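Reproduced below: structure21.txt, with compact mmCIF, C-alpha atoms.
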```
# COMPACT_ATOMS: atom_id res chain seq x y z
CA MET A 327 41.67 1.76 -6.57
CA ARG A 328 41.22 -0.74 -9.39
CA GLU A 329 39.97 -0.18 -12.89
CA GLN A 330 36.28 -1.01 -13.32
CA VAL A 331 34.26 -1.34 -16.50
CA LYS A 332 30.55 -1.89 -17.15
CA PHE A 333 29.34 -2.10 -20.75
CA TRP A 334 25.82 -2.83 -22.01
CA ARG A 335 23.38 -2.24 -24.85
CA GLU A 336 19.80 -0.97 -24.98
CA PRO A 337 18.00 -2.73 -27.87
CA GLN A 338 14.95 -0.44 -27.68
CA PHE A 339 17.11 2.52 -28.73
CA GLY A 340 18.76 1.09 -31.81
CA ASN A 341 21.13 -1.10 -29.78
CA LEU A 342 22.51 1.99 -28.05
CA GLU A 343 25.84 1.13 -26.40
CA LEU A 344 26.72 2.49 -22.97
CA LEU A 345 29.88 2.45 -20.89
CA HIS A 346 30.50 3.30 -17.24
CA ALA A 347 34.18 2.94 -16.44
CA ARG A 348 37.08 3.95 -14.26
CA TYR A 349 40.44 3.79 -16.04
CA ILE A 350 43.84 4.41 -14.47
CA THR A 351 46.56 2.94 -16.65
CA HIS A 352 44.46 1.97 -19.66
CA ALA A 353 45.03 4.03 -22.80
CA PHE A 354 42.95 3.86 -25.97
CA SER A 355 44.96 3.64 -29.18
CA ARG A 356 43.88 5.61 -32.25
CA HIS A 357 40.44 4.40 -33.31
CA THR A 358 37.05 5.48 -34.66
CA HIS A 359 33.38 4.75 -33.99
CA ASP A 360 30.55 4.58 -36.48
CA THR A 361 28.46 6.18 -33.73
CA TYR A 362 28.86 9.33 -31.68
CA ALA A 363 30.83 9.05 -28.44
CA ILE A 364 29.28 11.35 -25.84
CA ALA A 365 31.00 11.23 -22.44
CA VAL A 366 30.62 13.03 -19.12
CA ILE A 367 33.62 12.91 -16.80
CA GLU A 368 32.61 12.11 -13.22
CA GLN A 369 36.05 12.11 -11.58
CA GLY A 370 39.60 12.90 -12.69
CA ALA A 371 40.32 14.06 -16.22
CA GLU A 372 40.68 12.44 -19.64
CA GLU A 373 43.17 13.50 -22.28
CA PHE A 374 42.63 12.65 -25.94
CA ALA A 375 44.08 13.42 -29.34
CA TYR A 376 41.49 14.59 -31.85
CA ARG A 377 41.70 16.57 -35.11
CA GLY A 378 45.42 17.19 -34.73
CA GLU A 379 45.20 18.60 -31.21
CA THR A 380 45.35 17.31 -27.65
CA HIS A 381 42.27 18.01 -25.54
CA VAL A 382 41.65 17.59 -21.81
CA THR A 383 38.20 17.00 -20.35
CA PRO A 384 38.01 17.60 -16.57
CA ALA A 385 35.31 16.40 -14.21
CA GLY A 386 31.91 17.91 -14.98
CA ASP A 387 32.62 18.55 -18.65
CA ILE A 388 31.41 16.75 -21.78
CA ALA A 389 33.65 15.14 -24.41
CA ILE A 390 32.00 14.48 -27.75
CA ILE A 391 33.44 12.71 -30.79
CA ASN A 392 31.62 12.80 -34.11
CA PRO A 393 31.11 9.52 -36.02
CA GLY A 394 34.09 8.29 -38.04
CA GLU A 395 36.66 10.64 -36.48
CA VAL A 396 40.00 9.25 -35.23
CA HIS A 397 40.79 9.83 -31.56
CA THR A 398 42.63 8.39 -28.55
CA GLY A 399 42.00 8.45 -24.80
CA GLN A 400 44.04 8.24 -21.62
CA ALA A 401 44.33 9.56 -18.08
CA VAL A 402 45.88 12.96 -17.46
CA ASP A 403 47.68 11.70 -14.35
CA GLU A 404 48.10 8.63 -12.15
CA THR A 405 44.69 9.07 -10.50
CA GLY A 406 42.89 8.09 -13.71
CA TRP A 407 39.38 9.11 -14.66
CA THR A 408 35.81 7.91 -14.27
CA TYR A 409 33.20 8.60 -16.92
CA ARG A 410 29.87 7.65 -18.42
CA VAL A 411 29.65 7.31 -22.20
CA LEU A 412 26.78 6.95 -24.67
CA TYR A 413 27.40 5.72 -28.21
CA PRO A 414 24.21 6.65 -30.10
CA ASP A 415 23.76 5.85 -33.76
CA PRO A 416 23.63 9.00 -35.94
CA SER A 417 20.01 8.19 -36.80
CA ILE A 418 19.03 8.75 -33.16
CA LEU A 419 20.45 12.28 -33.17
CA VAL A 420 18.91 12.99 -36.57
CA GLN A 421 15.54 11.99 -35.13
CA ALA A 422 16.08 14.25 -32.10
CA ALA A 423 17.08 17.15 -34.37
CA CYS A 424 13.98 16.63 -36.51
CA GLU A 425 11.79 16.50 -33.41
CA ALA A 426 13.31 19.70 -32.05
CA SER A 427 12.90 21.65 -35.30
CA GLY A 428 9.74 20.09 -36.64
CA ARG A 429 11.38 19.57 -40.03
CA LYS A 430 13.93 17.38 -41.77
CA GLN A 431 17.52 17.78 -40.53
CA GLU A 432 20.98 16.59 -41.53
CA ILE A 433 23.25 14.59 -39.21
CA PRO A 434 24.24 16.96 -36.38
CA TYR A 435 27.92 17.91 -36.22
CA PHE A 436 29.61 19.09 -33.03
CA PRO A 437 32.58 21.39 -33.74
CA THR A 438 33.80 21.63 -30.12
CA PRO A 439 35.10 18.34 -28.65
CA VAL A 440 35.11 19.55 -25.03
CA ILE A 441 31.90 21.25 -23.89
CA GLN A 442 31.45 23.15 -20.65
CA ASP A 443 27.72 23.06 -19.96
CA GLN A 444 26.76 21.98 -16.48
CA GLN A 445 23.06 21.73 -17.27
CA VAL A 446 23.49 19.43 -20.27
CA ALA A 447 26.15 17.42 -18.43
CA GLN A 448 23.67 16.75 -15.63
CA LEU A 449 21.00 15.77 -18.16
CA LEU A 450 23.42 13.29 -19.74
CA LEU A 451 24.33 11.81 -16.36
CA ARG A 452 20.68 11.39 -15.37
CA LEU A 453 19.91 9.82 -18.75
CA HIS A 454 22.82 7.39 -18.44
CA LYS A 455 21.77 6.37 -14.93
CA ALA A 456 18.15 5.95 -16.03
CA LEU A 457 19.32 3.56 -18.73
CA GLU A 458 21.58 1.71 -16.30
CA GLY A 459 18.96 0.95 -13.66
CA TRP A 460 15.35 -0.18 -13.87
CA ASN A 461 13.32 2.84 -14.81
CA SER A 462 10.05 3.14 -16.65
CA LYS A 463 10.13 3.06 -20.42
CA LEU A 464 8.45 6.45 -20.34
CA GLU A 465 11.25 7.98 -18.29
CA GLN A 466 13.91 6.52 -20.57
CA ASP A 467 12.06 7.75 -23.67
CA CYS A 468 11.59 11.25 -22.27
CA ARG A 469 15.13 11.63 -20.99
CA LEU A 470 16.75 10.39 -24.20
CA LEU A 471 14.80 12.70 -26.50
CA TRP A 472 14.97 15.74 -24.23
CA THR A 473 18.69 15.39 -23.49
CA LEU A 474 19.79 14.87 -27.08
CA ALA A 475 17.58 17.74 -28.25
CA GLN A 476 19.18 20.05 -25.67
CA LEU A 477 22.67 18.95 -26.72
CA ILE A 478 21.89 19.61 -30.38
CA THR A 479 20.12 22.95 -29.97
CA ARG A 480 22.88 24.30 -27.73
CA HIS A 481 26.07 22.86 -29.22
CA ALA A 482 25.67 21.51 -32.77
CA ASP A 483 27.05 23.65 -35.60
CA SER A 484 23.58 23.95 -37.13
CA ARG A 485 21.14 24.59 -34.30
CA PRO A 486 17.46 24.16 -35.15
CA ASN A 487 15.05 26.83 -33.96
CA LEU A 488 12.44 25.54 -31.55
CA LYS A 489 8.80 25.97 -32.45
CA SER A 490 6.90 28.15 -29.99
CA VAL A 491 4.82 26.19 -27.49
CA GLY A 492 1.09 26.89 -27.66
CA ASN A 493 -1.79 26.14 -25.32
CA GLU A 494 -2.73 22.53 -26.09
CA SER A 495 -4.64 22.11 -22.82
CA HIS A 496 -7.01 19.45 -24.22
CA SER A 497 -4.09 17.34 -25.46
CA VAL A 498 -2.32 17.61 -22.13
CA LYS A 499 -5.52 16.69 -20.27
CA ARG A 500 -5.93 13.57 -22.40
CA VAL A 501 -2.38 12.51 -21.50
CA ARG A 502 -2.92 13.20 -17.80
CA ASP A 503 -6.19 11.25 -17.81
CA TYR A 504 -4.50 8.34 -19.56
CA LEU A 505 -1.60 8.25 -17.06
CA GLU A 506 -3.99 8.40 -14.13
CA ALA A 507 -6.01 5.48 -15.52
CA ASN A 508 -3.01 3.37 -16.59
CA TYR A 509 -0.38 4.16 -13.97
CA THR A 510 0.50 0.49 -13.47
CA GLU A 511 1.41 0.05 -17.15
CA ASN A 512 4.82 0.52 -18.75
CA VAL A 513 3.63 3.44 -20.89
CA THR A 514 5.79 4.80 -23.72
CA LEU A 515 6.26 8.33 -25.02
CA GLU A 516 5.09 7.15 -28.43
CA GLN A 517 1.77 6.07 -26.94
CA LEU A 518 1.27 9.44 -25.24
CA SER A 519 2.23 11.28 -28.41
CA ALA A 520 -0.49 9.44 -30.31
CA ILE A 521 -3.05 10.15 -27.59
CA ALA A 522 -2.17 13.86 -27.60
CA ASN A 523 -1.86 14.02 -31.39
CA LEU A 524 1.38 15.93 -30.89
CA SER A 525 4.99 15.12 -31.78
CA PRO A 526 6.91 13.55 -28.88
CA PHE A 527 9.24 16.51 -28.31
CA TYR A 528 6.47 19.09 -28.61
CA LEU A 529 4.43 17.04 -26.12
CA LEU A 530 7.35 17.08 -23.67
CA ARG A 531 7.63 20.85 -23.92
CA THR A 532 3.93 21.70 -23.69
CA PHE A 533 3.26 19.13 -20.94
CA HIS A 534 6.09 20.53 -18.81
CA LYS A 535 4.93 24.09 -19.43
CA GLN A 536 1.37 23.38 -18.28
CA VAL A 537 1.93 20.76 -15.58
CA GLY A 538 5.36 21.72 -14.26
CA LEU A 539 6.60 18.13 -14.65
CA PRO A 540 7.60 15.94 -17.59
CA PRO A 541 5.21 13.07 -18.35
CA HIS A 542 7.36 10.52 -16.50
CA GLY A 543 7.52 12.82 -13.47
CA TYR A 544 3.74 13.08 -13.47
CA LEU A 545 3.44 9.29 -13.74
CA ASN A 546 5.73 8.90 -10.72
CA GLN A 547 3.56 11.35 -8.81
CA VAL A 548 0.39 9.41 -9.63
CA ARG A 549 2.02 6.15 -8.57
CA LEU A 550 3.20 7.75 -5.35
CA VAL A 551 -0.31 8.87 -4.40
CA HIS A 552 -1.63 5.34 -4.82
CA ALA A 553 1.36 3.87 -2.96
CA LYS A 554 0.79 6.16 0.02
CA CYS A 555 -2.85 5.14 0.13
CA LEU A 556 -2.03 1.42 0.17
CA LEU A 557 0.70 1.88 2.76
CA SER A 558 -1.76 3.70 4.99
CA GLN A 559 -4.06 0.68 4.71
CA GLY A 560 -1.31 -1.61 6.01
CA TRP A 561 -0.30 -3.32 2.76
CA GLN A 562 3.11 -4.95 2.65
CA ILE A 563 5.66 -2.80 0.85
CA SER A 564 6.42 -5.51 -1.73
CA GLN A 565 2.69 -5.76 -2.52
CA VAL A 566 2.41 -1.99 -2.83
CA ALA A 567 5.28 -1.95 -5.33
CA GLN A 568 3.57 -4.64 -7.42
CA GLN A 569 0.21 -2.88 -7.35
CA THR A 570 1.47 0.58 -8.29
CA GLY A 571 3.68 -0.17 -11.29
CA TYR A 572 7.12 -0.23 -9.68
CA ALA A 573 9.63 -2.88 -10.71
CA ASP A 574 10.16 -4.13 -7.16
CA GLN A 575 10.29 -3.03 -3.54
CA SER A 576 13.72 -1.42 -3.84
CA HIS A 577 12.59 0.69 -6.81
CA LEU A 578 9.54 1.87 -4.87
CA THR A 579 11.75 2.67 -1.88
CA ARG A 580 14.17 4.78 -3.94
CA GLN A 581 11.40 6.77 -5.61
CA PHE A 582 9.45 7.17 -2.37
CA LYS A 583 12.44 8.41 -0.37
CA ARG A 584 13.41 10.81 -3.16
CA MET A 585 9.97 12.44 -3.31
CA VAL A 586 8.62 12.07 0.24
CA GLY A 587 11.85 12.24 2.23
CA VAL A 588 11.24 9.03 4.17
CA THR A 589 11.16 5.35 3.21
CA PRO A 590 7.85 3.51 2.74
CA GLY A 591 8.51 1.68 6.02
CA GLN A 592 9.03 4.96 7.89
CA TYR A 593 5.91 6.41 6.31
CA GLN A 594 3.88 3.36 7.28
CA TYR A 595 5.17 3.50 10.86
CA ARG A 596 4.16 7.16 11.09
CA GLU A 597 0.65 6.26 9.99
CA GLN A 598 0.20 3.68 12.74
```
Kindly present the structure from the file in C-alpha cells form.
Amino acid sequence: MREQVKFWREPQFGNLELLHARYITHAFSRHTHDTYAIAVIEQGAEEFAYRGETHVTPAGDIAIINPGEVHTGQAVDETGWTYRVLYPDPSILVQAACEASGRKQEIPYFPTPVIQDQQVAQLLLRLHKALEGWNSKLEQDCRLLWTLAQLITRHADSRPNLKSVGNESHSVKRVRDYLEANYTENVTLEQLSAIANLSPFYLLRTFHKQVGLPPHGYLNQVRLVHAKCLLSQGWQISQVAQQTGYADQSHLTRQFKRMVGVTPGQYQYREQ
C-alpha cells in the first residue's frame, strides 16, 4: 500500500487546516505548529517524541499537541499509520471554551498528549469527514463547536463548568419553525442563535434536549420529508435534490440511504 496525503483548508473557520493521510516510511522531524494538532488514528499506530518522552497513539485514540510545542512523528512499525488531523487556531478553542462556560476563558491546555476517549474520538472523526465532504454549513458549525467543547470540558487542564440547560421551549420552537420554512437554504448556527436569542452552544444543548436531535439533524429530517413527498410524485432524483436543499443527487442519496435504509431510487420504485 502506498502513502497517500490529502491536505486542505476551510476559510470559514479561520483557515482551519486539515490533513487525511496514510504514512508508511515518512517521518516528521522535530517541528512546531502555531496551532493545535488534534489527530485521531484510524489504522496502525503513530509514535512521537514530545516533552522529553516517547508516546505511542494506537488506532482509535487521540493525539493532541499544544501550540508551539516541539514534537516528531513516525510509524511504530512497517505497516505505517492512517490518521485524520485538525490544526485549529487557538482562538477557535478559546471561543469554544467561552461558549461552553458562558464566560471568558484562557487558551485551553491539554496536559495528556495521548487521550483514550472513544466518544470524543468518534466526534472528531465525524467532524473531520463533515469538513472533507459537502455538508451543510449548519452541520459543520454544529459539529465543530460541539466537538471542541466536549474535548475541552473532558480533557483540558482547566475544565469549564457547563451551565444548566433550562426550558427555552419558545426559543426552540422559533428555530424549528425557521428551519421548516427555510429548509432549502444553507442556514448557519449563527443565524439560528440570533433567532433563538441564545448563545450557539447553549442552543445546541437545549435544542438537543427538547427535540432529541441537533439543529442540523432536524434540518436533515425536514429535507427528507419533502424529498420523500417529491419522490412519491415521480420527480427525478436530481430535481428532488435541487428542490430540497441538497448539494447534488449523490448527497441526497447518501443522506436518504442513511436515514431511510434504501436509496431514493428504491424508495421511488416501491411507491409505484
If I put a ball of radius 8 Å at (31.5, 12.3, -14.0) in the file's coordinates, which residues poke into it when counting only C-alpha atoms, written as a PDB file with C-alpha atoms, keeping the file's coordinate frame?
```
ATOM      1  CA  VAL A 366      30.620  13.030 -19.120  1.00  0.00           C
ATOM      2  CA  ILE A 367      33.620  12.910 -16.800  1.00  0.00           C
ATOM      3  CA  GLU A 368      32.610  12.110 -13.220  1.00  0.00           C
ATOM      4  CA  GLN A 369      36.050  12.110 -11.580  1.00  0.00           C
ATOM      5  CA  ALA A 385      35.310  16.400 -14.210  1.00  0.00           C
ATOM      6  CA  GLY A 386      31.910  17.910 -14.980  1.00  0.00           C
ATOM      7  CA  ASP A 387      32.620  18.550 -18.650  1.00  0.00           C
ATOM      8  CA  THR A 408      35.810   7.910 -14.270  1.00  0.00           C
ATOM      9  CA  TYR A 409      33.200   8.600 -16.920  1.00  0.00           C
ATOM     10  CA  ARG A 410      29.870   7.650 -18.420  1.00  0.00           C
ATOM     11  CA  LEU A 451      24.330  11.810 -16.360  1.00  0.00           C
TER      12      LEU A 451
END
```
* Of the listed residues A:Ala567, A:Val551, A:Ala426, A:Val501, that which approaches A:Asn523 most closely, counting all atoms listed in the file ->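 Nearest candidate to A:Asn523 out of A:Ala567, A:Val551, A:Ala426, A:Val501: A:Val501.
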* To do: Compare A:Pro414, A:Val402, A:Gln594, A:His381 by their minimum atom-to-atom distance to A:Glu336, counting all atoms listed in the file, and give me the closest one.
  =>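 Between A:Pro414, A:Val402, A:Gln594, A:His381, the residue approaching A:Glu336 most closely is A:Pro414.
Straight-line separation from atom CA of A:Ile390 to atom CA of A:Phe533: 29.9 Å.
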Contacts of A:Ala363 at 8 Å or less, counting only C-alpha atoms, minus same-chain residues fewer than 2 places along, as a compact mmCIF listing (two decimals) with C-alpha atoms, in the coordinates of the input?
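Final file, selection29.txt:
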```
# COMPACT_ATOMS: atom_id res chain seq x y z
CA HIS A 359 33.38 4.75 -33.99
CA THR A 361 28.46 6.18 -33.73
CA ALA A 365 31.00 11.23 -22.44
CA ALA A 389 33.65 15.14 -24.41
CA ILE A 390 32.00 14.48 -27.75
CA ILE A 391 33.44 12.71 -30.79
CA ASN A 392 31.62 12.80 -34.11
CA PRO A 393 31.11 9.52 -36.02
CA VAL A 411 29.65 7.31 -22.20
CA LEU A 412 26.78 6.95 -24.67
CA TYR A 413 27.40 5.72 -28.21
CA PRO A 414 24.21 6.65 -30.10
```
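Near stretch 461-473 of chain A, within 8 Å and counting only C-alpha atoms, sit Ala422, Val446, Leu449, Leu450, Arg452, Leu453, Ala456, Asn512, Val513, Thr514, Leu515, Phe527, Leu530, Pro540, Pro541, His542, Gly543 and Ala573 of chain A; same-chain residues fewer than 5 positions away were not included.
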Put those residues in a file: C-alpha atoms, as a PDB file, in the coordinates of the input.
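The new file result-v1.pdb reads:
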```pdb
ATOM      1  CA  ALA A 422      16.080  14.250 -32.100  1.00  0.00           C
ATOM      2  CA  VAL A 446      23.490  19.430 -20.270  1.00  0.00           C
ATOM      3  CA  LEU A 449      21.000  15.770 -18.160  1.00  0.00           C
ATOM      4  CA  LEU A 450      23.420  13.290 -19.740  1.00  0.00           C
ATOM      5  CA  ARG A 452      20.680  11.390 -15.370  1.00  0.00           C
ATOM      6  CA  LEU A 453      19.910   9.820 -18.750  1.00  0.00           C
ATOM      7  CA  ALA A 456      18.150   5.950 -16.030  1.00  0.00           C
ATOM      8  CA  ASN A 512       4.820   0.520 -18.750  1.00  0.00           C
ATOM      9  CA  VAL A 513       3.630   3.440 -20.890  1.00  0.00           C
ATOM     10  CA  THR A 514       5.790   4.800 -23.720  1.00  0.00           C
ATOM     11  CA  LEU A 515       6.260   8.330 -25.020  1.00  0.00           C
ATOM     12  CA  PHE A 527       9.240  16.510 -28.310  1.00  0.00           C
ATOM     13  CA  LEU A 530       7.350  17.080 -23.670  1.00  0.00           C
ATOM     14  CA  PRO A 540       7.600  15.940 -17.590  1.00  0.00           C
ATOM     15  CA  PRO A 541       5.210  13.070 -18.350  1.00  0.00           C
ATOM     16  CA  HIS A 542       7.360  10.520 -16.500  1.00  0.00           C
ATOM     17  CA  GLY A 543       7.520  12.820 -13.470  1.00  0.00           C
ATOM     18  CA  ALA A 573       9.630  -2.880 -10.710  1.00  0.00           C
TER      19      ALA A 573
END
```
* To do: Find the residues near A:Gln330: any atom within 10 Å, counting all atoms listed in the file, skip ones fewer than 5 places away on the same chain, and give them as an MDAnalysis selection string.
  => chainID A and resid 346:350 408
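Between atom CA of A:Met327 and atom CA of A:Trp407 the interatomic distance comes to 11.2 Å.
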* To do: Write out as a ChimeraX atom specification the residues lying within 9 Å of A:His357, counting all atoms listed in the file and excluding same-chain residues fewer than 2 positions away.
  => /A:354-355,359,394-398
Using the selection just defined, write its residues with C-alpha atoms as a PDB file, in the frame of the given file.
```pdb
ATOM      1  CA  PHE A 354      42.950   3.860 -25.970  1.00  0.00           C
ATOM      2  CA  SER A 355      44.960   3.640 -29.180  1.00  0.00           C
ATOM      3  CA  HIS A 359      33.380   4.750 -33.990  1.00  0.00           C
ATOM      4  CA  GLY A 394      34.090   8.290 -38.040  1.00  0.00           C
ATOM      5  CA  GLU A 395      36.660  10.640 -36.480  1.00  0.00           C
ATOM      6  CA  VAL A 396      40.000   9.250 -35.230  1.00  0.00           C
ATOM      7  CA  HIS A 397      40.790   9.830 -31.560  1.00  0.00           C
ATOM      8  CA  THR A 398      42.630   8.390 -28.550  1.00  0.00           C
TER       9      THR A 398
END
```
* **Residue contacts of A:Met585 (9 Å, only C-alpha atoms) excluding same-chain residues fewer than 5 positions away, as a PyMOL selection string** => chain A and resi 547+550+580
* Could you tell me, as a PyMOL selection string, which residues have any atom at most 10 Å from (45.2, 7.6, -15.5), counting only C-alpha atoms? -> chain A and resi 329+348-353+370-373+399-408
What are the centre and edge lengths in Å, to one decimal, of the axis-aligned box around all listed atoms of stretch 494-512 of chain A with 4 Å added on each side, as JSON?
```
{"center_x": -1.1, "center_y": 11.3, "center_z": -19.8, "size_x": 19.8, "size_y": 30.5, "size_z": 20.6}
```
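Atom CA of A:Glu343 to atom CA of A:Ser417 spans 13.9 Å [interatomic distance, one decimal].
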* Asked: Taking all atoms listed in the file into account, which of A:Gln536, A:Gly340, A:Arg335, A:Gln442 comes nearest A:Pro416?
  ->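 So, comparing all the options, the nearest one is A:Gly340.
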